[in-house]
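Below is entry17.csv, holding CSV, C-alpha atoms.
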```
chain,number,residue,atom,x,y,z
A,7,MET,CA,59.0,103.9,84.0
A,8,LEU,CA,61.5,106.0,86.0
A,9,ALA,CA,58.6,108.0,87.5
A,10,ASN,CA,57.4,104.8,89.2
A,11,ILE,CA,60.7,104.4,91.1
A,12,ILE,CA,60.2,106.7,94.2
A,13,GLY,CA,62.6,106.9,97.0
A,14,PRO,CA,62.1,108.4,100.5
A,15,TYR,CA,62.7,111.8,99.1
A,16,LYS,CA,61.7,112.0,95.4
A,17,GLU,CA,61.3,110.2,92.1
A,18,ILE,CA,64.4,109.0,90.4
A,19,SER,CA,63.3,110.9,87.3
A,20,TRP,CA,64.7,114.1,88.9
A,21,ILE,CA,67.9,113.5,86.9
A,22,LEU,CA,66.1,113.6,83.5
A,23,PRO,CA,65.8,117.4,83.1
A,24,PHE,CA,69.6,117.5,83.1
A,25,TRP,CA,70.0,115.5,79.9
A,26,PRO,CA,70.9,118.7,77.9
A,27,VAL,CA,74.1,119.0,79.8
A,28,LEU,CA,75.3,115.6,78.3
A,29,LEU,CA,74.0,116.7,74.9
A,30,PHE,CA,75.7,120.1,74.8
A,31,SER,CA,79.0,118.9,76.3
A,32,PHE,CA,79.2,116.1,73.7
A,33,ALA,CA,78.1,118.4,70.8
A,34,ALA,CA,80.8,120.9,71.7
A,35,ALA,CA,83.6,118.5,72.4
A,36,LEU,CA,83.2,116.6,69.2
A,37,PRO,CA,83.8,119.5,66.7
A,38,GLY,CA,86.0,121.2,69.3
A,39,THR,CA,88.4,118.3,69.3
A,40,TRP,CA,88.4,118.2,65.5
A,41,LEU,CA,89.2,121.9,65.4
A,42,CYS,CA,92.0,121.5,67.9
A,43,LYS,CA,93.5,118.7,65.8
A,44,LYS,CA,93.5,120.9,62.8
A,45,LEU,CA,95.1,123.8,64.7
A,46,ALA,CA,97.7,121.6,66.3
A,47,ILE,CA,98.8,120.2,62.9
A,48,LYS,CA,98.8,123.6,61.3
A,49,PHE,CA,101.0,125.2,64.0
A,50,GLY,CA,103.2,122.1,64.6
A,51,VAL,CA,101.9,121.3,68.1
A,52,VAL,CA,102.4,117.6,67.8
A,53,ASP,CA,103.8,114.7,69.8
A,54,LYS,CA,106.8,113.3,67.9
A,55,PRO,CA,107.8,109.6,68.3
A,56,ASP,CA,111.0,108.9,70.2
A,57,GLY,CA,111.2,105.1,70.0
A,58,THR,CA,111.0,104.7,73.7
A,59,VAL,CA,108.0,106.2,75.6
A,60,LYS,CA,106.4,107.6,72.4
A,61,THR,CA,106.2,104.5,70.2
A,62,HIS,CA,103.7,105.9,67.6
A,63,LYS,CA,105.1,106.0,64.1
A,64,GLN,CA,103.9,109.4,63.0
A,65,PRO,CA,103.6,112.8,64.8
A,66,ILE,CA,100.2,113.0,66.6
A,67,ALA,CA,98.4,116.3,67.2
A,68,TYR,CA,98.2,117.6,70.8
A,69,LEU,CA,95.6,120.0,72.2
A,70,GLY,CA,93.0,117.4,72.7
A,71,GLY,CA,92.7,118.7,76.3
A,72,LEU,CA,91.4,122.0,74.9
A,73,GLY,CA,88.6,120.1,73.1
A,74,ILE,CA,87.6,118.4,76.3
A,75,LEU,CA,87.6,121.7,78.1
A,76,LEU,CA,85.4,123.2,75.4
A,77,GLY,CA,82.9,120.4,75.8
A,78,PHE,CA,82.9,120.6,79.6
A,79,THR,CA,82.4,124.3,79.5
A,80,ALA,CA,79.4,124.0,77.3
A,81,GLY,CA,78.0,121.4,79.7
A,82,ILE,CA,78.4,123.6,82.7
A,83,VAL,CA,76.9,126.6,80.9
A,84,ALA,CA,73.9,124.4,79.9
A,85,GLY,CA,73.5,123.3,83.5
A,86,ILE,CA,73.6,126.9,84.8
A,87,THR,CA,70.9,127.8,82.4
A,88,LEU,CA,68.7,124.9,83.6
A,89,LEU,CA,69.1,126.0,87.2
A,90,GLU,CA,68.5,129.7,86.6
A,91,GLN,CA,65.0,129.8,88.1
A,92,THR,CA,65.8,127.7,91.2
A,93,GLU,CA,65.9,129.1,94.7
A,94,MET,CA,69.5,128.2,95.3
A,95,PHE,CA,70.8,129.5,92.0
A,96,ARG,CA,73.5,131.7,93.4
A,97,LEU,CA,75.0,128.8,95.4
A,98,TYR,CA,74.8,126.6,92.3
A,99,LEU,CA,76.4,129.3,90.2
A,100,LYS,CA,79.3,129.8,92.6
A,101,LEU,CA,80.0,126.0,92.8
A,102,LEU,CA,79.8,125.3,89.1
A,103,ILE,CA,81.8,128.4,88.0
A,104,GLY,CA,84.4,127.5,90.7
A,105,ILE,CA,84.8,124.0,89.4
A,106,LEU,CA,85.0,125.2,85.8
A,107,ALA,CA,87.6,127.8,86.8
A,108,GLY,CA,89.7,125.1,88.7
A,109,ALA,CA,89.4,122.8,85.7
A,110,SER,CA,90.6,125.5,83.4
A,111,VAL,CA,93.6,126.2,85.6
A,112,ALA,CA,94.5,122.5,85.7
A,113,CYS,CA,94.1,122.3,81.9
A,114,PHE,CA,96.3,125.4,81.4
A,115,ILE,CA,99.1,124.0,83.6
A,116,GLY,CA,98.9,120.7,81.7
A,117,LEU,CA,99.0,122.5,78.4
A,118,VAL,CA,102.1,124.5,79.5
A,119,ASP,CA,103.7,121.2,80.4
A,120,ASP,CA,102.8,119.7,77.0
A,121,LEU,CA,104.4,122.6,75.2
A,122,PHE,CA,107.4,123.4,77.3
A,123,ASP,CA,107.9,120.3,79.5
A,124,ILE,CA,108.0,122.0,82.9
A,125,ARG,CA,109.4,120.5,86.0
A,126,PRO,CA,107.3,118.2,88.2
A,127,LEU,CA,107.4,120.7,91.1
A,128,GLN,CA,106.0,123.4,88.9
A,129,LYS,CA,103.2,121.1,87.8
A,130,ILE,CA,102.4,120.3,91.5
A,131,VAL,CA,102.3,124.0,92.3
A,132,GLY,CA,99.8,124.6,89.5
A,133,GLN,CA,97.7,121.7,90.7
A,134,MET,CA,97.7,123.1,94.2
A,135,LEU,CA,96.5,126.4,92.8
A,136,ALA,CA,93.5,124.7,91.1
A,137,ALA,CA,92.8,123.0,94.5
A,138,VAL,CA,92.8,126.4,96.3
A,139,ILE,CA,90.0,127.5,94.0
A,140,LEU,CA,87.8,124.6,95.3
A,141,ILE,CA,88.7,125.6,98.9
A,142,ALA,CA,87.9,129.2,98.2
A,143,ILE,CA,84.3,128.4,96.9
A,144,GLY,CA,83.6,126.1,99.9
A,145,ILE,CA,84.1,122.7,98.2
A,146,ARG,CA,85.7,120.8,101.0
A,147,PRO,CA,84.8,117.7,103.0
A,148,ASN,CA,82.3,118.2,105.8
A,149,LEU,CA,84.5,116.6,108.4
A,150,GLY,CA,82.4,117.7,111.3
A,151,ILE,CA,79.3,115.7,110.2
A,152,ILE,CA,81.5,112.8,108.9
A,153,PHE,CA,83.4,112.4,112.2
A,154,THR,CA,80.1,112.8,114.2
A,155,GLN,CA,78.8,109.8,112.3
A,156,LEU,CA,81.8,107.9,113.4
A,157,GLY,CA,81.3,108.9,117.0
A,158,ILE,CA,84.1,111.5,117.1
A,159,GLU,CA,83.5,115.1,118.0
A,160,LEU,CA,85.8,117.3,115.9
A,161,PRO,CA,86.4,121.0,116.9
A,162,GLU,CA,85.4,123.5,114.2
A,163,ILE,CA,89.0,124.9,114.0
A,164,ALA,CA,90.3,121.4,113.4
A,165,GLU,CA,87.7,120.8,110.7
A,166,SER,CA,88.9,124.0,108.9
A,167,ILE,CA,92.6,123.1,109.2
A,168,LEU,CA,92.2,119.5,108.2
A,169,GLY,CA,89.9,120.2,105.2
A,170,VAL,CA,92.6,122.2,103.3
A,171,PRO,CA,95.2,119.5,102.9
A,172,ILE,CA,92.6,116.9,102.2
A,173,VAL,CA,91.3,118.8,99.2
A,174,ILE,CA,94.9,119.4,98.0
A,175,ILE,CA,95.7,115.7,98.4
A,176,PHE,CA,92.6,114.6,96.5
A,177,VAL,CA,93.3,117.0,93.6
A,178,LEU,CA,97.0,116.0,93.4
A,179,GLY,CA,96.2,112.3,93.7
A,180,ALA,CA,93.4,112.3,91.0
A,181,THR,CA,95.2,114.5,88.5
A,182,ASN,CA,98.4,112.5,88.7
A,183,SER,CA,96.7,109.2,88.8
A,184,LEU,CA,94.8,109.9,85.5
A,185,ASN,CA,98.0,111.4,84.1
A,186,LEU,CA,99.8,108.1,84.7
A,187,ILE,CA,97.0,106.0,83.3
A,188,ASP,CA,97.1,108.0,80.0
A,189,GLY,CA,99.4,105.6,78.2
A,190,LEU,CA,97.2,103.9,75.6
A,191,ASP,CA,94.9,105.3,72.9
A,192,GLY,CA,91.5,106.0,74.4
A,193,LEU,CA,92.4,104.6,77.8
A,194,CYS,CA,92.2,107.7,80.0
A,195,ALA,CA,89.1,109.1,78.4
A,196,GLY,CA,87.4,105.7,78.5
A,197,VAL,CA,88.3,104.9,82.1
A,198,THR,CA,87.3,108.4,83.2
A,199,SER,CA,83.9,108.0,81.4
A,200,ILE,CA,83.2,104.7,83.2
A,201,ILE,CA,84.3,106.2,86.6
A,202,THR,CA,82.1,109.2,86.1
A,203,LEU,CA,79.1,107.1,85.2
A,204,GLY,CA,79.7,105.2,88.4
A,205,MET,CA,79.7,108.5,90.4
A,206,LEU,CA,76.6,109.6,88.5
A,207,ALA,CA,74.8,106.4,89.6
A,208,LEU,CA,75.9,107.1,93.2
A,209,ALA,CA,74.6,110.8,92.8
A,210,VAL,CA,71.3,109.6,91.5
A,211,HIS,CA,70.9,107.1,94.4
A,212,ILE,CA,71.8,109.8,97.0
A,213,GLY,CA,69.4,112.3,95.4
A,214,THR,CA,66.6,109.8,95.3
A,215,TRP,CA,67.0,107.9,98.6
A,216,ASN,CA,68.5,110.4,101.0
A,217,VAL,CA,67.8,113.9,102.2
A,218,SER,CA,68.2,116.3,99.3
A,219,SER,CA,71.0,118.8,99.4
A,220,ALA,CA,72.6,121.5,97.3
A,221,GLY,CA,75.0,119.0,96.0
A,222,ASP,CA,72.5,116.9,94.1
A,223,PRO,CA,72.2,119.1,90.9
A,224,VAL,CA,75.8,120.1,91.1
A,225,ARG,CA,77.0,116.5,91.1
A,226,ALA,CA,74.6,115.7,88.3
A,227,ILE,CA,75.7,118.6,86.1
A,228,VAL,CA,79.5,118.1,86.7
A,229,GLY,CA,79.2,114.4,86.0
A,230,LEU,CA,77.1,114.7,82.9
A,231,GLY,CA,79.3,117.5,81.5
A,232,LEU,CA,82.5,115.4,82.1
A,233,VAL,CA,81.1,112.3,80.5
A,234,GLY,CA,79.8,114.2,77.4
A,235,ALA,CA,83.2,116.0,77.0
A,236,ALA,CA,85.2,112.7,77.3
A,237,LEU,CA,82.9,110.9,74.9
A,238,GLY,CA,83.1,113.7,72.4
A,239,PHE,CA,86.9,113.4,72.5
A,240,LEU,CA,87.1,109.6,72.3
A,241,PRO,CA,86.3,109.2,68.5
A,242,PHE,CA,89.5,111.0,67.7
A,243,ASN,CA,91.6,109.3,70.4
A,244,LYS,CA,90.6,105.6,69.9
A,245,ALA,CA,93.3,103.5,68.3
A,246,PRO,CA,95.0,104.6,66.1
A,247,ALA,CA,94.7,108.0,67.8
A,248,LYS,CA,94.5,111.1,65.7
A,249,ILE,CA,95.0,113.4,68.6
A,250,PHE,CA,96.3,113.2,72.2
A,251,MET,CA,94.7,114.8,75.2
A,252,GLY,CA,98.2,115.4,76.7
A,253,ASP,CA,98.6,116.5,80.3
A,254,ALA,CA,96.1,119.3,79.6
A,255,GLY,CA,93.4,116.7,79.2
A,256,SER,CA,94.4,114.2,81.9
A,257,MET,CA,94.9,117.0,84.5
A,258,LEU,CA,91.5,118.5,83.6
A,259,LEU,CA,89.8,115.1,83.9
A,260,GLY,CA,91.6,114.3,87.2
A,261,PHE,CA,90.7,117.7,88.7
A,262,VAL,CA,87.0,117.3,87.9
A,263,VAL,CA,86.9,113.8,89.3
A,264,ALA,CA,88.6,115.0,92.4
A,265,ALA,CA,86.0,117.8,92.8
A,266,MET,CA,83.2,115.2,92.4
A,267,MET,CA,84.7,113.0,95.1
A,268,ILE,CA,85.0,115.9,97.5
A,269,LEU,CA,81.3,116.8,96.8
A,270,PHE,CA,80.4,113.4,98.0
A,271,ALA,CA,82.1,114.1,101.4
A,272,GLU,CA,79.0,116.1,102.4
A,273,ARG,CA,76.9,114.1,104.9
A,274,GLN,CA,77.7,110.4,105.1
A,275,PRO,CA,81.2,108.8,105.3
A,276,LEU,CA,79.8,106.0,103.2
A,277,TRP,CA,79.2,108.4,100.2
A,278,TRP,CA,82.8,109.4,100.3
A,279,MET,CA,84.1,105.9,100.6
A,280,ALA,CA,81.9,104.8,97.8
A,281,SER,CA,83.3,107.5,95.5
A,282,LEU,CA,86.8,106.4,96.4
A,283,MET,CA,86.0,102.8,95.6
A,284,ILE,CA,84.7,103.9,92.2
A,285,PHE,CA,88.0,105.6,91.6
A,286,GLY,CA,89.8,102.4,92.6
A,287,LEU,CA,91.4,101.5,89.3
A,288,PRO,CA,93.5,104.7,88.9
A,289,ILE,CA,94.5,104.5,92.6
A,290,LEU,CA,95.7,100.9,92.2
A,291,ASP,CA,97.5,101.7,88.9
A,292,THR,CA,99.3,104.6,90.6
A,293,ALA,CA,100.3,102.5,93.6
A,294,VAL,CA,101.7,99.8,91.3
A,295,ALA,CA,103.5,102.4,89.1
A,296,LEU,CA,105.1,104.1,92.1
A,297,ALA,CA,106.1,100.8,93.7
A,298,ARG,CA,107.7,99.7,90.4
A,299,ARG,CA,109.7,102.9,90.1
A,300,LEU,CA,110.8,102.7,93.7
A,301,LEU,CA,112.0,99.1,93.2
A,302,ASN,CA,113.8,100.0,90.0
A,303,LYS,CA,115.3,103.1,91.7
A,304,ARG,CA,113.8,105.4,89.0
A,305,PRO,CA,112.5,108.9,89.5
A,306,LEU,CA,108.8,108.9,90.5
A,307,PHE,CA,107.8,111.6,88.0
A,308,VAL,CA,109.6,110.3,84.9
A,309,SER,CA,107.5,108.3,82.4
A,310,ASP,CA,108.0,104.6,82.1
A,311,ARG,CA,109.9,103.4,79.0
A,312,GLY,CA,108.9,100.5,76.8
```
In structure tokens, how does this file's structure come out?
Amino acid sequence: MLANIIGPYKEISWILPFWPVLLFSFAAALPGTWLCKKLAIKFGVVDKPDGTVKTHKQPIAYLGGLGILLGFTAGIVAGITLLEQTEMFRLYLKLLIGILAGASVACFIGLVDDLFDIRPLQKIVGQMLAAVILIAIGIRPNLGIIFTQLGIELPEIAESILGVPIVIIFVLGATNSLNLIDGLDGLCAGVTSIITLGMLALAVHIGTWNVSSAGDPVRAIVGLGLVGAALGFLPFNKAPAKIFMGDAGSMLLGFVVAAMMILFAERQPLWWMASLMIFGLPILDTAVALARRLLNKRPLFVSDRG
């Protein structure tokens, strides 16, 4: 049936060969999360109730973020294997390994915060380091083409200068938005799965109905890998949760979503705007949370109580 849906460029079925990415990421995240739960309990890496922010009755295992990272890594490796014989393999490899490296850095910074409760500024520095990895491998908005579409000529040096802070803002915004939304069992992983499915639908549309680009398979692999990893984690995090993803998981998810949004800033401003609209719920939730804290004269980086 999908083979009969043909856009100006190719059949919509181009996405189907990437299904092993979803399978492998889910298959790795499911037992990986179970193993992380066992290890967390064994070594006492648990989130203890405090009667205010942490209202659960029993200590809950941490390290769920590592289970998600394991699943995402398996998905990326599966995707790289699928692209091995393609003409642009070296470019695909650089982009996928770079995104995985940045996600690992974000996860590590979050894990350090889970274990040692580091200062907000230290977390931000770590998130910026993850963003720098994206910049280093060339994942940045194509501002020249985007501004040209809007009738504005942007000098090349201005494009390079503006691209860096935009990537950093996207990474900081997405990682902290998903961190703030991680307040109920299954909420962050569930919302991220829905958002990523929306971005996958956008990626399929772009790949089918627009001029093909190097971003098509990369967006597909990253999206499928993230969905599979989040779904593999969810059975252990649904209410009542048996394990928490912690900052390690929410920062990893936020970083990968940020990378996907930047990948959409490739040719058309509408692609980028569409990805931002798909991410609208965390953006709105963050805006409301920040406004509430400002009105109550509370620190912006301290968890809400009650």
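Take the candidates A:Leu140, A:Ala80, A:Leu36, A:Leu29 and check each one against Ala109 in chain A using all atoms listed in the file; the shortest distance goes to A:Leu140.
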So that I can see what lies close to Gly81 in chain A, please list as a list in words the residues with an atom at most 6 Å from it, counting all atoms listed in the file and leaving out residues fewer than 3 positions away in the same chain. Val27, Phe30, Ser31, Phe78, Ala84 and Gly231 of chain A
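Closest approach to Asn243 in chain A from the set A:Gly286, A:Gly104, A:Gly77, A:Gly192 is made by A:Gly192, with distances taken over all atoms listed in the file.
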Within 6 Å of range 247-255 of chain A, counting all atoms listed in the file, which residues show up once you throw out same-chain ones fewer than 4 positions away? Write them as a ChimeraX atom specification, please. /A:66-68,70-71,113,116-117,191,242-243
Test item: residues at most 9 Å from range 163-176 of chain A, only C-alpha atoms, excluding those fewer than 6 positions along its chain, as a VMD selection string: chain A and resid 133 to 138 140 to 141 145 to 150 261 264 to 265 267 to 268
Lys129 in chain A environment, 10 Å, all atoms listed in the file, sequence neighbours closer than 6 positions dropped, as an NGL selection string: :A and (112 or 115-116 or 118-119 or 123 or 135 or 178 or 182 or 253 or 257)
One residue among A:His211, A:Lys16, A:Arg273, A:Lys43 is nearest to Ala226 in chain A when using all atoms listed in the file, and that residue is A:His211
With distances taken over only C-alpha atoms, which residue among A:Ala195, A:Lys48, A:Ile227, A:Glu159 lies nearest Ile86 in chain A? A:Ile227
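Nearest-residue note for Pro65 in chain A: choosing from A:Leu186, A:Ala46, A:Val111, A:Val83, the minimum distance belongs to A:Ala46, counting all atoms listed in the file.
Atom pair CA of Tyr98 in chain A / CA of Pro223 in chain A: separated by 8.1 Å.
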